[in-house]
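The structure appears below as structure tokens.
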Amino acid sequence: MLRVEVESVRSLRFDDGSAVRAASGVAPLGDGWLVAQDDAAHAAWLRETSVQRVRVVPSVDGHDVFSSAAGTKHLKPDLEAACPVEHEGRPAVLLLGSGATAQRMRAALVTLGEGPQALVADLSPLYAQVARVLGLAPANLNLEGACRTGDVLRWFARGNLAAGVPSASVDVDLGPLLDAVLGRGDPSRVVVRTPLTYDLGTVDGVGLTVTDAVALPDGRVLLSAAAEDTPNAYDDGPVLAAALALLDGDDLQAVVPLPDVHGEVAKVEGLAVMEAGRDGARLLAVVDDDDPERPSSCLVLRVAL
């Protein structure tokens, strides 16, 4: 029986006091965790005693943060998936854009030398393939999560039931994908296969759709999901509920609500495993409140499997 409890809540601020914005993905990096911000050119490196900025994409027309209010939302990188990988035998993090616009069809490979550094690549031909395999128009592509199972990356599209688009996933081999990011391979030649769709249910008529995924050591996958009332893959909307789901292979075994945090729906957009066994796990989860003035929250979730 899948059960979820919130063990702790932390408000995320950089060392200079500014808010970590729009947390959208999280993965281990060195002695801490790399948190993607979907509306900024920097990620946050969360460590025990500090939260540092890490540039992951270049500035755009002098902008490092992007918003509807500033008229720059169309420029944002929308890095939504954070997946632990290896580069030259050392741990690294692969950040992936959501698609739908040219700015969102990029990847950043973050490695750790004397400090974190990122290599950015345009993967537009690969995103076009994903859209074709899922039978989507490019404007409806919204890839929000990814998890690694062995040498395969399973990439999850959030979907939007109001637009007739279910949550879905595709598989890509991790080696060719990393070669494309590193400039050693052609993104158009990365094979996209195994399209799957997921029905996570509805809340008050709004579909629960996938916001992230993380693989457990035994191969099962935990999904975070949100019921967000929006007509498309571009605009934000009110979030009615959030949930966690368990996959075993292609079988959806359970979907349970996520507890509210401080009386509000916790729109979890990033998951990472802190520790896990057959009967349970502790997850690090980051929350995007869709409000650039509010610091994102970081939760520790205790999950009974």
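Residues in the structure tokens are numbered from 1 in each chain, the chains being A, B, ... in the order shown, and ligands are numbered from 1 in the order shown.
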| field | Contacts of stretch 190-195 of chain A at 12 Å (only C-alpha atoms; same-chain gap of 3+ positions) as an NGL selection string | value | :A and (123-136 or 152-157 or 166-181 or 184-187 or 198 or 250)
Residues of the last selection are to be written out with C-alpha atoms, as a tab-separated table (two decimals), in the first residue's frame.
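Output below, filename again-v6.tsv:
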```tsv
chain	number	residue	atom	x	y	z
A	123	LEU	CA	18.67	19.01	-29.17
A	124	SER	CA	15.87	20.32	-31.41
A	125	PRO	CA	16.05	17.33	-33.83
A	126	LEU	CA	15.65	14.92	-30.91
A	127	TYR	CA	12.66	16.83	-29.54
A	128	ALA	CA	11.09	16.70	-33.00
A	129	GLN	CA	11.49	12.92	-32.97
A	130	VAL	CA	9.90	12.66	-29.52
A	131	ALA	CA	6.91	14.70	-30.71
A	132	ARG	CA	6.52	12.45	-33.76
A	133	VAL	CA	6.73	9.23	-31.73
A	134	LEU	CA	4.13	10.53	-29.26
A	135	GLY	CA	1.92	11.81	-32.08
A	136	LEU	CA	2.02	15.39	-30.78
A	152	VAL	CA	18.02	3.84	-20.65
A	153	LEU	CA	16.48	7.23	-19.95
A	154	ARG	CA	12.70	7.17	-19.68
A	155	TRP	CA	11.43	10.64	-20.57
A	156	PHE	CA	7.96	11.67	-19.40
A	157	ALA	CA	5.61	14.09	-21.15
A	166	PRO	CA	-2.45	12.07	-21.97
A	167	SER	CA	0.68	11.76	-19.86
A	168	ALA	CA	3.17	9.62	-21.75
A	169	SER	CA	6.77	8.48	-21.92
A	170	VAL	CA	9.41	7.39	-24.39
A	171	ASP	CA	12.72	5.60	-23.94
A	172	VAL	CA	16.09	6.72	-25.30
A	173	ASP	CA	19.47	5.06	-24.85
A	174	LEU	CA	21.53	7.16	-22.51
A	175	GLY	CA	24.87	6.71	-24.30
A	176	PRO	CA	23.80	8.20	-27.66
A	177	LEU	CA	21.90	10.95	-25.84
A	178	LEU	CA	25.00	12.01	-23.90
A	179	ASP	CA	27.09	11.80	-27.08
A	180	ALA	CA	24.64	14.24	-28.71
A	181	VAL	CA	24.91	16.61	-25.74
A	184	ARG	CA	30.06	13.58	-30.43
A	185	GLY	CA	26.83	12.42	-32.03
A	186	ASP	CA	23.92	13.66	-34.12
A	187	PRO	CA	20.76	14.40	-32.07
A	198	TYR	CA	-0.55	6.79	-18.30
A	250	ASP	CA	4.59	-0.61	-17.35
```
| message | I want to know what sits within 6 Å of A:Glu228, based on only C-alpha atoms, with residues of the same chain fewer than 4 positions away left out; could you give that as JSON, numbers by chain? | response | {"A": [237, 238, 239]}
| request: Determine, counting only C-alpha atoms, which protein, DNA and RNA residues have an atom within 7 Å of an atom of A:Gly32; residues of the same chain fewer than 4 positions away are not included. Present the result as a list in words. | output: Pro28, Trp45, Leu46 and Arg47 of chain A
| field | Residues near stretch 111-115 of chain A, cut-off 7 Å, only C-alpha atoms, skip fewer than 2 positions along chain, as number ranges by chain | value | A: 92-93, 109, 117-118
Dump C-alpha atoms for the selected residues as a short mmCIF file (atom, residue, chain, number, x, y, z; two decimals), in the first residue's frame?
```cif
data_model
loop_
_atom_site.label_atom_id
_atom_site.label_comp_id
_atom_site.auth_asym_id
_atom_site.auth_seq_id
_atom_site.Cartn_x
_atom_site.Cartn_y
_atom_site.Cartn_z
CA ALA A 92 27.07 14.44 -13.34
CA VAL A 93 23.55 15.78 -13.84
CA LEU A 109 25.24 18.56 -18.71
CA GLN A 117 30.17 23.74 -14.75
CA ALA A 118 27.70 23.16 -17.56
#
```
| task | Considering only C-alpha atoms, state which residue in the set A:Met105, A:Leu119, A:Val110, A:Leu240 is at the smallest distance from A:Pro138. | result |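 Going through A:Met105, A:Leu119, A:Val110, A:Leu240 one by one, the smallest distance to A:Pro138 is for A:Met105.
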A:Ala22: which residues within 8 Å, counting only C-alpha atoms, same-chain residues fewer than 2 positions away excluded, as a PDB file with N, CA and C atoms, in the first residue's frame?
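The result, stored in result25.pdb:
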```pdb
ATOM      1  N   VAL A  20      15.149  30.907  -4.375  1.00  0.00           N
ATOM      2  CA  VAL A  20      15.263  29.911  -5.435  1.00  0.00           C
ATOM      3  C   VAL A  20      13.902  29.846  -6.116  1.00  0.00           C
ATOM      4  N   SER A  24      12.150  22.945 -10.424  1.00  0.00           N
ATOM      5  CA  SER A  24      11.487  22.065 -11.389  1.00  0.00           C
ATOM      6  C   SER A  24      12.147  20.704 -11.538  1.00  0.00           C
ATOM      7  N   GLN A  37      15.934  25.552 -11.850  1.00  0.00           N
ATOM      8  CA  GLN A  37      14.908  26.592 -11.838  1.00  0.00           C
ATOM      9  C   GLN A  37      14.410  26.739 -13.273  1.00  0.00           C
ATOM     10  N   ASP A  38      13.119  26.532 -13.496  1.00  0.00           N
ATOM     11  CA  ASP A  38      12.679  26.491 -14.899  1.00  0.00           C
ATOM     12  C   ASP A  38      12.620  27.868 -15.556  1.00  0.00           C
ATOM     13  N   ASP A  39      12.671  28.939 -14.766  1.00  0.00           N
ATOM     14  CA  ASP A  39      12.576  30.275 -15.360  1.00  0.00           C
ATOM     15  C   ASP A  39      13.844  31.093 -15.135  1.00  0.00           C
ATOM     16  N   VAL A 287       9.344  21.887  -4.832  1.00  0.00           N
ATOM     17  CA  VAL A 287       7.995  22.375  -5.126  1.00  0.00           C
ATOM     18  C   VAL A 287       8.082  23.692  -5.900  1.00  0.00           C
ATOM     19  N   ASP A 288       7.329  23.773  -6.992  1.00  0.00           N
ATOM     20  CA  ASP A 288       7.201  25.002  -7.777  1.00  0.00           C
ATOM     21  C   ASP A 288       5.835  25.611  -7.487  1.00  0.00           C
ATOM     22  N   ASP A 289       5.824  26.779  -6.851  1.00  0.00           N
ATOM     23  CA  ASP A 289       4.562  27.443  -6.520  1.00  0.00           C
ATOM     24  C   ASP A 289       4.058  28.341  -7.641  1.00  0.00           C
ATOM     25  N   ASP A 290       4.771  28.380  -8.791  1.00  0.00           N
ATOM     26  CA  ASP A 290       4.378  29.256  -9.906  1.00  0.00           C
ATOM     27  C   ASP A 290       4.253  30.709  -9.454  1.00  0.00           C
ATOM     28  N   ASP A 291       5.115  31.112  -8.523  1.00  0.00           N
ATOM     29  CA  ASP A 291       5.132  32.479  -8.018  1.00  0.00           C
ATOM     30  C   ASP A 291       6.589  32.894  -7.835  1.00  0.00           C
ATOM     31  N   PRO A 292       7.136  33.750  -8.729  1.00  0.00           N
ATOM     32  CA  PRO A 292       8.562  34.089  -8.654  1.00  0.00           C
ATOM     33  C   PRO A 292       8.947  34.854  -7.394  1.00  0.00           C
ATOM     34  N   PRO A 295      10.003  31.826  -2.405  1.00  0.00           N
ATOM     35  CA  PRO A 295      11.047  30.811  -2.548  1.00  0.00           C
ATOM     36  C   PRO A 295      10.437  29.426  -2.680  1.00  0.00           C
ATOM     37  N   SER A 296      11.026  28.613  -3.521  1.00  0.00           N
ATOM     38  CA  SER A 296      10.569  27.235  -3.660  1.00  0.00           C
ATOM     39  C   SER A 296      10.816  26.480  -2.362  1.00  0.00           C
TER      40      SER A 296
END
```
| Using only C-alpha atoms, which residue out of A:Val286, A:Leu301, A:Leu75, A:Leu96 lies closest to A:Leu12? |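 With only C-alpha atoms as the atom set, the closest residue is A:Val286.
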